[in-house]
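A short write-up of the structure that comes next.
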Amino acid sequence: MLFSPKWLCRHVLLVVAVGTCYGFGRWQLGRAVDRHSVLNWSYAIEWSLFALFAVVCWGWYLRDDLRGGPDARPEEPAEPVYLPQAAPVTDDEDPELAAYNRYLAGLNQKEDV
């Protein structure tokens with residue numbers, strides 16, 4: 001599985017990404033030492049984080065592929081889940097809420113047509 005064409009492409013892409021990040025990070029580190037620039041120090045750290053992110057994403061892909069992919073569905077619950085229904089509100093209890101509920105019901109009827 002790890003030597004399929006898809007995975008070989010991912011391995012090569014990881015090596016290229018980490019190598020590129022290493023090169024740019026090393027370049028920024030050299031500039032930071034020469035110029036004593038905080039900006040270049042931050043760029044050197046940033047390129048290291050980019051390389052780490054590439055390795056982490058590669059690990060996530062590997063984990064998902066070994067588990068059966070991200071499309072693997074979790075098991076359905078044994079019993080159906082019922083959501084509680086809201087109690088209807090009358091005009092005597094809260095006229096503003098009752099009017100809003102009538103408005104929503106009217107919108108729902110228009111969508112069904």
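Numbering starts fresh at 1 for the residues of each chain in the structure tokens, the chains themselves are lettered A, B, ... in the order given, and ligands are numbered from 1 as they appear.
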
Near-Gly25 (chain A) list (9 Å; only C-alpha atoms; drop same-chain fewer than 4 positions) as a list in words: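 Listing them by chain and then by number gives Thr20, Cys21, Leu29, Gly30, Tyr43, Ala44, Ile45, Glu46, Trp47 and Ser48 of chain A.
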
Polymer residues at most 9 Å from region 61-67 of chain A, only C-alpha atoms, same-chain spacing of 6 or more positions, as an MDAnalysis selection string: chainID A and resid 1:2 7

Within 8 Å of Asn40 (chain A) using only C-alpha atoms, minus same-chain residues under 5 positions, as a short mmCIF file (atom, residue, chain, number, x, y, z; two decimals) with C-alpha atoms, in the first residue's frame:
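The resulting around.cif:
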```
data_model
loop_
_atom_site.label_atom_id
_atom_site.label_comp_id
_atom_site.auth_asym_id
_atom_site.auth_seq_id
_atom_site.Cartn_x
_atom_site.Cartn_y
_atom_site.Cartn_z
CA GLN A 28 16.88 33.00 6.04
CA LEU A 29 18.98 31.82 8.96
CA ARG A 31 20.59 36.35 6.47
CA ALA A 32 19.46 36.64 10.09
#
```

Nearby residues (only C-alpha atoms) at most 9 Å from Ala98 (chain A), same-chain spacing under 6 positions excluded, as a PyMOL selection string: chain A and resi 88-92

Pick from A:Tyr100, A:Ser37, A:Arg26, A:Trp58 nearest to Cys9 (chain A), counting only C-alpha atoms: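 The closest residue to Cys9 (chain A) is A:Trp58.
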
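Note that CA of His11 (chain A) and CA of Gly59 (chain A) are 10.8 Å apart.
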
Which of region 2-111 of chain A fall in helix (DSSP H, G or I), as JSON, numbers by chain: {"A": [5, 6, 7, 8, 9, 10, 11, 12, 13, 14, 15, 16, 17, 18, 19, 20, 21, 22, 23, 24, 25, 26, 27, 28, 29, 30, 31, 32, 33, 34, 35, 38, 39, 40, 41, 42, 43, 44, 45, 46, 47, 48, 49, 50, 51, 52, 53, 54, 55, 56, 57, 58, 59, 60, 61, 62, 63, 64, 65, 66, 67, 95, 96, 97, 98, 99, 100, 101, 102, 103, 104, 105, 106, 107, 108, 109, 110, 111]}

For Arg10 (chain A), the nearest of the candidates A:Leu83, A:Phe50, A:Glu96, A:Trp60, counting only C-alpha atoms: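 Closest to Arg10 (chain A), using only C-alpha atoms: A:Trp60.
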
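Take CA of Leu52 (chain A) and CA of Val18 (chain A): the distance between them is 8.0 Å.
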